[in-house]
Every structure is written in C-alpha cells, then in structure tokens.
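Comments concern the structure below.
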Amino acid sequence: MMIVNDQKLNSMWTIGRYVYGLVPILIGADKFTFFIVNWNIYVSPFVASYFPITYFVPIVGIIEIVAGLLILTKFPRFGAYLVAAWIGLVIVNLFMIGDMYDIILRDVAIAFGYIMFGLLTQLKETARPTSY
C-alpha cells in the first residue's frame, strides 16, 4: 500500500492539468495564425498527397484545441491519452519527412509526459484520502 500526500498530489496534478491542457490549445490556435511557425513544413508529402495542406493544418488545429479542452474540463485522462496518441501520429509523419530526428525525439518525450499525466490522473481518481 502506498500513502500519497493529497495536497502534493493535487498540486502536481493541477499544474500538470493547466500545462498539458493549455499547450495544445495554444499550438492548435497557431495552426490558424502561423505566428509561432509555418506548420505546413511539418506535413509529409505522403499526408499532403491525401489531404490538401490548406485544409489539413486547420483540422489538426481543431483536434489539438479539442484535446486541450478535454484535459481542462471533465475528461483530463482521456484528453491526455488522446494527445499522446496524436503525438504518436505526428512522430510517424515526421519519420516520413526524414531528417527531423531532433523534433521526433522531443515529441517522444512530450508524448511520455502526456502518458504520465494520464497515469497521474488515474492515481488521483483512485486514491483514497488518508487521515494523516
């Protein structure tokens, strides 16, 4: 049996929820403004052959915004796993472009962060309060 300090768990979880919820919303919104980066350069020719980039990038933005909102509202665990899976697809797409291995490694670390937040959420949901 593991004893967890409720206050520390709640603090870690709350910070994680805001970080892991707001980042996809901001990145998703940038798919419409291209303020941070030109996202079109991250779409592989394979994907672009099936989906026109002018439609694909905004659709990606919408998915990212929805995933962030899921984390910030009633479905943080599902949202975290959704973002992790989405980043997995991004990684596959980046492998198809090639020569973006630094970004791929960064995205692997980010995906594991979302998985860890999902696990932390599960721990929080199943933890029983202690009287200590």
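Here's how to read the names in the structure tokens: chain A, B, ... by the order shown, residue numbers from 1 in each chain, ligand numbers from 1 in the order shown.
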
>> Residues within 12 Å of stretch 53-59 of chain A, please, as a ChimeraX atom specification. Count only C-alpha atoms; anything in the same chain fewer than 6 positions from it doesn't count.
In response: /A:27-34,38-47,65-66

>> Give me, as a PyMOL selection string, the residues of chain A that a backbone DSSP run labels helix (DSSP H, G or I).
In response: chain A and resi 6-33+39-42+45-50+53-72+76-97+101-126

> Which residues come within 10 Å of A:Gly16, counting only C-alpha atoms, excluding same-chain residues fewer than 3 positions away, as a PyMOL selection string?
Replying inline: chain A and resi 10-13+19-22+71+113-114+116-118+120-121

Please produce an output containing N, CA and C atoms for each residue in the selection, written as a JSON list (two decimals), in the first residue's frame.
[["chain", "number", "residue", "atom", "x", "y", "z"],
["A", 10, "ASN", "N", -2.48, 16.80, -5.43],
["A", 10, "ASN", "CA", -3.38, 17.77, -6.06],
["A", 10, "ASN", "C", -2.62, 18.93, -6.68],
["A", 11, "SER", "N", -1.56, 19.39, -6.02],
["A", 11, "SER", "CA", -0.75, 20.48, -6.58],
["A", 11, "SER", "C", -0.09, 20.06, -7.88],
["A", 12, "MET", "N", 0.55, 18.87, -7.88],
["A", 12, "MET", "CA", 1.20, 18.37, -9.09],
["A", 12, "MET", "C", 0.19, 18.20, -10.21],
["A", 13, "TRP", "N", -0.96, 17.64, -9.88],
["A", 13, "TRP", "CA", -1.97, 17.37, -10.88],
["A", 13, "TRP", "C", -2.54, 18.66, -11.46],
["A", 19, "VAL", "N", -0.81, 23.03, -17.67],
["A", 19, "VAL", "CA", 0.26, 23.00, -18.69],
["A", 19, "VAL", "C", -0.16, 22.09, -19.85],
["A", 20, "TYR", "N", -0.57, 20.86, -19.53],
["A", 20, "TYR", "CA", -0.90, 19.90, -20.58],
["A", 20, "TYR", "C", -2.23, 20.21, -21.26],
["A", 21, "GLY", "N", -3.04, 21.07, -20.68],
["A", 21, "GLY", "CA", -4.28, 21.49, -21.33],
["A", 21, "GLY", "C", -4.09, 22.72, -22.19],
["A", 22, "LEU", "N", -3.35, 23.70, -21.68],
["A", 22, "LEU", "CA", -3.20, 24.96, -22.41],
["A", 22, "LEU", "C", -2.26, 24.85, -23.61],
["A", 71, "ILE", "N", -8.71, 18.00, -21.55],
["A", 71, "ILE", "CA", -7.84, 17.95, -20.36],
["A", 71, "ILE", "C", -8.28, 18.98, -19.33],
["A", 113, "GLY", "N", 5.29, 12.42, -21.45],
["A", 113, "GLY", "CA", 4.77, 13.35, -20.44],
["A", 113, "GLY", "C", 3.26, 13.30, -20.37],
["A", 114, "TYR", "N", 2.60, 13.25, -21.52],
["A", 114, "TYR", "CA", 1.13, 13.15, -21.53],
["A", 114, "TYR", "C", 0.67, 11.80, -20.97],
["A", 116, "MET", "N", 2.27, 10.08, -18.72],
["A", 116, "MET", "CA", 2.48, 10.19, -17.27],
["A", 116, "MET", "C", 1.38, 11.02, -16.63],
["A", 117, "PHE", "N", 0.93, 12.09, -17.30],
["A", 117, "PHE", "CA", -0.17, 12.88, -16.74],
["A", 117, "PHE", "C", -1.45, 12.04, -16.70],
["A", 118, "GLY", "N", -1.68, 11.24, -17.73],
["A", 118, "GLY", "CA", -2.84, 10.34, -17.71],
["A", 118, "GLY", "C", -2.77, 9.36, -16.55],
["A", 120, "LEU", "N", -1.05, 9.85, -13.74],
["A", 120, "LEU", "CA", -1.22, 10.65, -12.53],
["A", 120, "LEU", "C", -2.70, 10.94, -12.28],
["A", 121, "THR", "N", -3.43, 11.21, -13.35],
["A", 121, "THR", "CA", -4.88, 11.45, -13.23],
["A", 121, "THR", "C", -5.58, 10.20, -12.73]]
